[in-house]
$ cat upload.cif   # mmCIF, C-alpha atoms and all ligand atoms
data_coords
#
loop_
_atom_site.label_atom_id
_atom_site.label_comp_id
_atom_site.auth_asym_id
_atom_site.auth_seq_id
_atom_site.Cartn_x
_atom_site.Cartn_y
_atom_site.Cartn_z
CA MET A 88 -24.84 -7.99 27.68
CA SER A 89 -27.08 -9.23 24.87
CA SER A 90 -29.40 -12.19 25.35
CA THR A 91 -27.41 -14.45 22.98
CA PRO A 92 -26.52 -17.71 24.74
CA THR A 93 -22.90 -18.24 25.84
CA PRO A 94 -21.05 -20.28 23.20
CA GLU A 95 -20.20 -23.88 24.20
CA ARG A 96 -16.57 -24.99 24.56
CA ALA A 97 -15.52 -27.17 21.60
CA GLU A 98 -12.25 -28.72 20.37
CA LYS A 99 -8.77 -27.70 21.50
CA LEU A 100 -7.16 -25.40 18.91
CA HIS A 101 -3.78 -24.74 20.49
CA GLU A 102 -1.90 -25.45 23.70
CA GLY A 103 0.62 -22.79 24.70
CA LYS A 104 2.96 -22.59 27.68
CA ALA A 105 0.46 -20.94 30.04
CA LYS A 106 -2.93 -21.30 28.30
CA ILE A 107 -5.02 -23.64 26.17
CA VAL A 108 -7.19 -22.14 23.42
CA TYR A 109 -10.48 -23.88 22.63
CA ALA A 110 -12.85 -23.33 19.74
CA THR A 111 -16.49 -22.67 20.64
CA SER A 112 -19.86 -23.20 19.00
CA ASP A 113 -19.46 -19.62 17.67
CA PRO A 114 -16.80 -19.56 14.92
CA HIS A 115 -15.78 -16.03 15.90
CA MET A 116 -15.22 -16.77 19.60
CA ILE A 117 -12.64 -18.82 21.49
CA ILE A 118 -12.10 -19.79 25.13
CA GLN A 119 -8.73 -19.18 26.81
CA TYR A 120 -8.13 -21.73 29.59
CA PHE A 121 -5.48 -20.53 32.10
CA LYS A 122 -3.07 -23.22 33.34
CA ASP A 123 -0.80 -23.29 36.40
CA ASP A 124 2.24 -24.19 34.25
CA ALA A 125 5.07 -21.68 34.26
CA THR A 126 8.06 -21.59 31.92
CA ALA A 127 11.01 -19.25 31.51
CA PHE A 128 14.10 -18.89 29.36
CA ASP A 129 12.57 -20.47 26.24
CA ALA A 130 10.88 -23.09 28.38
CA LYS A 131 14.26 -24.42 29.55
CA LYS A 132 12.95 -23.77 33.06
CA ARG A 133 9.58 -25.35 33.84
CA GLY A 134 7.42 -25.43 36.92
CA THR A 135 4.00 -24.98 38.41
CA ILE A 136 2.67 -22.00 40.29
CA VAL A 137 -0.26 -23.31 42.34
CA ASN A 138 -3.52 -21.55 41.41
CA LYS A 139 -1.76 -19.23 38.92
CA GLY A 140 -4.35 -19.93 36.23
CA VAL A 141 -7.19 -18.82 38.49
CA ILE A 142 -5.32 -15.70 39.62
CA ASN A 143 -4.19 -14.67 36.13
CA ASN A 144 -7.69 -15.14 34.69
CA ARG A 145 -9.07 -12.98 37.50
CA ILE A 146 -6.48 -10.22 36.99
CA ALA A 147 -6.60 -10.28 33.18
CA SER A 148 -10.42 -10.28 33.06
CA HIS A 149 -10.55 -7.35 35.48
CA LEU A 150 -7.95 -5.31 33.58
CA PHE A 151 -9.43 -6.05 30.14
CA GLU A 152 -12.82 -4.92 31.40
CA LEU A 153 -11.38 -1.64 32.71
CA LEU A 154 -9.34 -1.09 29.55
CA GLY A 155 -12.48 -1.61 27.47
CA GLU A 156 -14.25 1.08 29.49
CA SER A 157 -11.28 3.40 28.99
CA GLY A 158 -11.40 3.05 25.19
CA VAL A 159 -8.94 0.24 24.39
CA THR A 160 -10.59 -2.48 22.31
CA THR A 161 -9.63 -5.94 23.52
CA HIS A 162 -10.63 -9.51 22.68
CA PHE A 163 -12.24 -9.95 26.13
CA VAL A 164 -15.93 -10.88 26.12
CA ALA A 165 -16.60 -12.44 29.54
CA LYS A 166 -15.05 -14.41 32.37
CA LEU A 167 -16.83 -17.77 32.18
CA SER A 168 -15.32 -19.60 35.15
CA ASP A 169 -12.24 -19.62 37.41
CA ARG A 170 -9.95 -20.57 34.56
CA GLU A 171 -11.94 -19.77 31.41
CA MET A 172 -12.19 -16.49 29.52
CA LEU A 173 -14.48 -16.07 26.50
CA CYS A 174 -12.78 -13.96 23.81
CA ARG A 175 -13.26 -12.74 20.25
CA ARG A 176 -11.28 -14.98 17.95
CA LEU A 177 -8.16 -13.25 16.62
CA GLN A 178 -5.57 -14.05 14.03
CA ILE A 179 -2.55 -13.26 16.23
CA ILE A 180 0.04 -10.87 14.80
CA LEU A 181 3.46 -12.47 15.41
CA VAL A 182 4.90 -9.35 17.03
CA GLU A 183 5.29 -9.18 20.81
CA VAL A 184 5.02 -5.58 21.93
CA VAL A 185 6.95 -4.66 25.09
CA VAL A 186 6.42 -1.32 26.84
CA ARG A 187 8.98 -0.22 29.43
CA ASN A 188 8.83 2.52 32.07
CA VAL A 189 11.75 1.40 34.21
CA VAL A 190 15.03 -0.29 33.25
CA ALA A 191 14.93 -4.06 33.94
CA GLY A 192 15.42 -7.48 32.37
CA SER A 193 16.79 -7.69 28.86
CA LEU A 194 17.01 -3.88 28.49
CA ALA A 195 19.37 -3.64 31.48
CA LYS A 196 21.48 -6.47 30.06
CA ARG A 197 21.52 -5.38 26.40
CA LEU A 198 22.26 -1.68 26.93
CA GLY A 199 24.27 -1.98 30.17
CA MET A 200 21.76 0.19 32.03
CA GLU A 201 21.16 0.10 35.76
CA GLU A 202 18.11 -1.95 36.81
CA GLY A 203 15.52 0.20 38.56
CA ALA A 204 16.25 3.52 36.82
CA SER A 205 13.09 5.32 35.64
CA LEU A 206 13.03 6.07 31.92
CA PRO A 207 12.31 9.68 30.88
CA ARG A 208 9.55 8.36 28.58
CA PRO A 209 8.13 4.92 27.79
CA ILE A 210 10.05 2.74 25.34
CA VAL A 211 8.10 0.50 22.94
CA GLU A 212 9.95 -2.55 21.60
CA HIS A 213 9.03 -5.32 19.19
CA TYR A 214 10.00 -8.99 19.28
CA TYR A 215 9.31 -11.64 16.64
CA LYS A 216 6.96 -14.20 18.27
CA ARG A 217 8.92 -17.30 17.26
CA ASP A 218 9.82 -19.76 20.02
CA ASP A 219 12.18 -21.62 17.69
CA LEU A 220 14.21 -18.38 17.31
CA SER A 221 13.89 -17.36 21.01
CA ASP A 222 11.73 -14.31 20.15
CA PRO A 223 14.45 -12.05 18.67
CA PRO A 224 14.10 -8.23 18.80
CA ILE A 225 12.92 -6.74 15.49
CA ASN A 226 12.19 -3.24 14.18
CA LEU A 227 9.49 -1.81 11.92
CA ASP A 228 11.55 -2.57 8.79
CA HIS A 229 11.82 -6.24 9.75
CA ILE A 230 8.06 -6.31 10.41
CA GLN A 231 7.39 -4.95 6.89
CA VAL A 232 9.84 -7.28 5.16
CA LEU A 233 8.54 -10.32 7.05
CA ASN A 234 4.97 -9.22 6.22
CA LEU A 235 3.91 -9.49 9.86
CA ALA A 236 1.80 -6.32 9.90
CA THR A 237 1.22 -3.20 7.82
CA SER A 238 2.64 0.18 8.88
CA GLU A 239 -0.94 1.37 9.57
CA GLU A 240 -1.49 -1.61 11.87
CA MET A 241 1.81 -0.94 13.67
CA LEU A 242 0.92 2.72 14.14
CA HIS A 243 -2.42 1.68 15.66
CA ILE A 244 -0.68 -0.95 17.85
CA ARG A 245 1.83 1.61 19.15
CA ARG A 246 -0.95 4.06 20.06
CA GLU A 247 -2.96 1.33 21.79
CA ALA A 248 0.10 0.01 23.67
CA LEU A 249 0.86 3.51 24.98
CA LYS A 250 -2.81 3.98 25.96
CA VAL A 251 -2.68 0.68 27.88
CA ASN A 252 0.53 1.84 29.56
CA GLU A 253 -0.91 5.20 30.56
CA PHE A 254 -3.98 3.56 32.05
CA LEU A 255 -2.10 0.78 33.85
CA VAL A 256 0.65 3.00 35.30
CA LYS A 257 -1.98 5.18 37.01
CA TYR A 258 -4.26 2.34 38.05
CA LEU A 259 -1.44 0.29 39.55
CA ASP A 260 0.24 3.28 41.19
CA GLN A 261 -2.99 3.89 43.14
CA ARG A 262 -2.68 0.29 44.32
CA GLU A 263 0.93 0.65 45.50
CA ILE A 264 2.38 -1.17 42.47
CA ARG A 265 5.06 0.22 40.13
CA LEU A 266 4.55 -0.95 36.54
CA VAL A 267 8.11 -1.59 35.33
CA ASP A 268 7.36 -3.17 31.95
CA PHE A 269 4.95 -5.55 30.21
CA LYS A 270 4.32 -7.50 27.02
CA LEU A 271 1.22 -7.28 24.82
CA GLU A 272 -0.02 -9.26 21.84
CA PHE A 273 -2.46 -8.01 19.22
CA GLY A 274 -4.51 -9.77 16.54
CA ARG A 275 -6.96 -9.23 13.70
CA THR A 276 -10.64 -10.06 14.16
CA THR A 277 -12.11 -12.78 11.97
CA GLY A 278 -15.83 -12.07 12.27
CA GLY A 279 -17.96 -9.04 11.44
CA GLY A 280 -15.62 -6.08 10.92
CA ALA A 281 -12.88 -8.57 10.01
CA GLY A 282 -9.36 -7.21 10.10
CA ALA A 283 -9.78 -4.78 13.00
CA VAL A 284 -6.75 -4.99 15.30
CA LEU A 285 -7.55 -5.74 18.96
CA LEU A 286 -5.51 -6.37 22.08
CA GLY A 287 -5.38 -10.12 22.80
CA ASP A 288 -3.64 -12.67 25.03
CA GLU A 289 -3.51 -11.65 28.73
CA ILE A 290 -2.22 -9.01 31.13
CA SER A 291 -1.04 -10.67 34.34
CA PRO A 292 2.01 -11.10 36.61
CA ASP A 293 3.25 -13.59 33.97
CA THR A 294 3.50 -10.82 31.36
CA CYS A 295 4.34 -7.75 33.47
CA ARG A 296 7.05 -6.68 35.88
CA LEU A 297 5.31 -5.36 38.98
CA TRP A 298 7.28 -3.97 41.92
CA ASP A 299 5.92 -2.96 45.31
CA LYS A 300 5.96 0.84 45.25
CA LYS A 301 7.53 1.21 48.71
CA THR A 302 9.69 -1.89 49.25
CA HIS A 303 10.55 -2.38 45.51
CA GLU A 304 9.91 -6.09 46.06
CA LYS A 305 9.24 -8.04 42.85
CA MET A 306 5.63 -9.31 42.70
CA ASP A 307 5.67 -10.99 39.26
CA LYS A 308 7.09 -13.92 37.31
CA ASP A 309 10.66 -12.78 38.02
CA ARG A 310 10.15 -14.51 41.40
CA PHE A 311 9.89 -17.77 39.42
CA ARG A 312 12.58 -16.90 36.83
CA ARG A 313 15.10 -15.98 39.55
CA ASP A 314 14.02 -18.46 42.27
CA LEU A 315 13.07 -15.73 44.73
CA GLY A 316 10.45 -17.81 46.59
CA ARG A 317 6.98 -16.74 47.80
CA ILE A 318 5.68 -16.89 44.22
CA GLU A 319 2.08 -17.91 44.95
CA GLU A 320 1.81 -15.35 47.76
CA SER A 321 3.02 -12.57 45.46
CA TYR A 322 0.55 -13.43 42.70
CA GLU A 323 -2.25 -13.53 45.33
CA GLU A 324 -1.18 -10.13 46.65
CA VAL A 325 -1.20 -8.62 43.15
CA ALA A 326 -4.74 -9.97 42.62
CA ARG A 327 -5.82 -8.58 45.97
CA ARG A 328 -4.47 -5.11 45.17
CA ILE A 329 -5.82 -5.05 41.59
CA CYS A 330 -9.21 -6.73 42.00
CA GLY A 331 -9.93 -6.26 45.70
CA SER A 332 -10.49 -9.26 47.99
P1 LIG B 1 12.45 -8.70 29.03
O1 LIG B 1 13.07 -7.65 29.88
O2 LIG B 1 12.90 -10.11 29.42
O3 LIG B 1 12.65 -8.44 27.58
O4 LIG B 1 10.90 -8.69 29.30
C1 LIG B 1 10.12 -7.53 29.12
C2 LIG B 1 8.68 -7.78 29.58
O5 LIG B 1 8.04 -8.72 28.77
C3 LIG B 1 8.58 -8.31 31.01
O6 LIG B 1 7.48 -7.67 31.64
C4 LIG B 1 8.26 -9.76 30.86
C5 LIG B 1 7.55 -9.82 29.53
N1 LIG B 1 7.85 -11.04 28.80
C6 LIG B 1 6.84 -11.93 28.46
O7 LIG B 1 5.67 -11.68 28.79
N2 LIG B 1 7.14 -13.03 27.76
C7 LIG B 1 8.41 -13.35 27.37
O8 LIG B 1 8.64 -14.38 26.74
C8 LIG B 1 9.47 -12.43 27.73
C9 LIG B 1 10.90 -12.71 27.35
C10 LIG B 1 9.12 -11.30 28.44
N1 LIG B 2 7.53 -17.69 29.07
C1 LIG B 2 8.71 -17.57 28.27
C2 LIG B 2 9.36 -18.90 27.99
O1 LIG B 2 9.12 -19.91 28.56
C3 LIG B 2 9.76 -16.67 28.80
C4 LIG B 2 9.54 -15.78 30.00
O2 LIG B 2 8.43 -15.33 30.27
O3 LIG B 2 10.54 -15.51 30.69
O4 LIG B 2 10.20 -18.92 27.15
#
$ encode --input "upload.cif" --output "structure tokens" --more "lines below"
Ligand code: TMP
Ligand code: ASP
Amino acid sequence: MSSTPTPERAEKLHEGKAKIVYATSDPHMIIQYFKDDATAFDAKKRGTIVNKGVINNRIASHLFELLGESGVTTHFVAKLSDREMLCRRLQIILVEVVVRNVVAGSLAKRLGMEEGASLPRPIVEHYYKRDDLSDPPINLDHIQVLNLATSEEMLHIRREALKVNEFLVKYLDQREIRLVDFKLEFGRTTGGGAGAVLLGDEISPDTCRLWDKKTHEKMDKDRFRRDLGRIEESYEEVARRICGS
């Protein structure tokens, strides 16, 4: 770390479903504040997962740090407190990138495939990040026509998403967790080297499907979506396996 002082938290820029984004005294940095609020199905279902913000910040900070060391550039700068993460400021690209290793969720439904079947290779999907449209699936042609990202940016994003997948599959497997699928968001830097595309947002049980390798028990937000109970305990267990106690 350099000796530059940590930027001070300033005004609220945006409040999302699971996080609040604050400006800081450095125009090229933001603070992500992790909340306990949980939503599903276009926020038609709402609830609270006690301590989720603390757990997700812990998991996401840990994984971003490891990804950085393994050559994936992310917005992560430092974990500031239980619920606060200091990040490079990004202009978020409105494409949600989903990587799948195992059939589940909307893939099972849409293509009539059996939940739990391993895919012969990872599938990368794109969704338009638009709550008012319920995040519809889009392809590279839609992304071009809507001017969401250039084809060079999308090529870079695909490579990075697959690198993240390769790293996470191995890392989680060693911790008795099967990585079924997950969602990533990318953005363009605003400061020095403006326009570089980095991994943003978070990686946590809110944005991944994580199954116990032996029992196949769900350890992620599906416990909330499907009212499976023991939500807090599952998030805690994921943190314990990923970060240690
Ligand atoms: P899906 O099967 O519902 O399309 O979800 C795929 C993955 O993306 C799963 O790990 C959950 C994650 N996801 C989000 O992080 N945010 C969302 O809004 C949705 C729908 C899925
Ligand atoms: N968080 C999303 C929403 O509230 C959906 C989900 O993760 O299931 O719409």
$ residues_near_ligand --input "upload.cif" --ligand "ligand LIG 2 (chain B)" --cutoff "6 Å" --atoms "only C-alpha atoms and all ligand atoms" --output "count of residues only"
5
$ residues_near_ligand --input "upload.cif" --ligand "ligand LIG 1 (chain B)" --cutoff "6 Å" --atoms "all atoms listed in the file" --output "ChimeraX atom specification"
/A:185,191-194,268-270,294-296
$ atom_distance --input "upload.cif" --atom1 "atom CA of A:Asp124" --atom2 "atom CA of A:Arg217"
19.5 Å
$ atom_distance --input "upload.cif" --atom1 "atom CA of A:Ser168" --atom2 "atom CA of A:Glu320"
21.7 Å
$ closest_atom_pairs --input "upload.cif" --of "stretch 231-318 of chain A" --to "stretch 147-153 of chain A" --cutoff "7 Å" --atoms "all atoms listed in the file" --output "tab-separated table"
residue	atom	partner	partner_atom	distance
A:Glu289	CA	A:Ala147	CA	5.6
A:Ile290	CA	A:Ala147	CA	5.0
A:Ser291	CA	A:Ala147	CA	5.7
$ atom_distance --input "upload.cif" --atom1 "atom CA of A:Gly279" --atom2 "atom CA of A:Gly155"
18.5 Å
$ residues_around --input "upload.cif" --residues "A:Phe273" --least-positions-apart "4" --cutoff "6 Å" --atoms "only C-alpha atoms" --output "list in words"
Ile180, Leu285, Leu286 and Gly287 of chain A
$ residues_near_point --input "upload.cif" --point "(-19.3, -20.2, 19.1)" --cutoff "9 Å" --atoms "all atoms listed in the file" --output "VMD selection string"
chain A and resid 93 to 97 110 to 117
$ write_last_selection --input "upload.cif" --atoms "C-alpha atoms" --output "compact mmCIF listing (two decimals), keeping the file's coordinate frame"
# COMPACT_ATOMS: atom_id res chain seq x y z
CA THR A 93 -22.90 -18.24 25.84
CA PRO A 94 -21.05 -20.28 23.20
CA GLU A 95 -20.20 -23.88 24.20
CA ARG A 96 -16.57 -24.99 24.56
CA ALA A 97 -15.52 -27.17 21.60
CA ALA A 110 -12.85 -23.33 19.74
CA THR A 111 -16.49 -22.67 20.64
CA SER A 112 -19.86 -23.20 19.00
CA ASP A 113 -19.46 -19.62 17.67
CA PRO A 114 -16.80 -19.56 14.92
CA HIS A 115 -15.78 -16.03 15.90
CA MET A 116 -15.22 -16.77 19.60
CA ILE A 117 -12.64 -18.82 21.49
$ closest_residue --input "upload.cif" --among "A:Ala125, A:Val190, A:Arg317, A:Lys99" --to "A:Lys139" --atoms "all atoms listed in the file"
A:Ala125
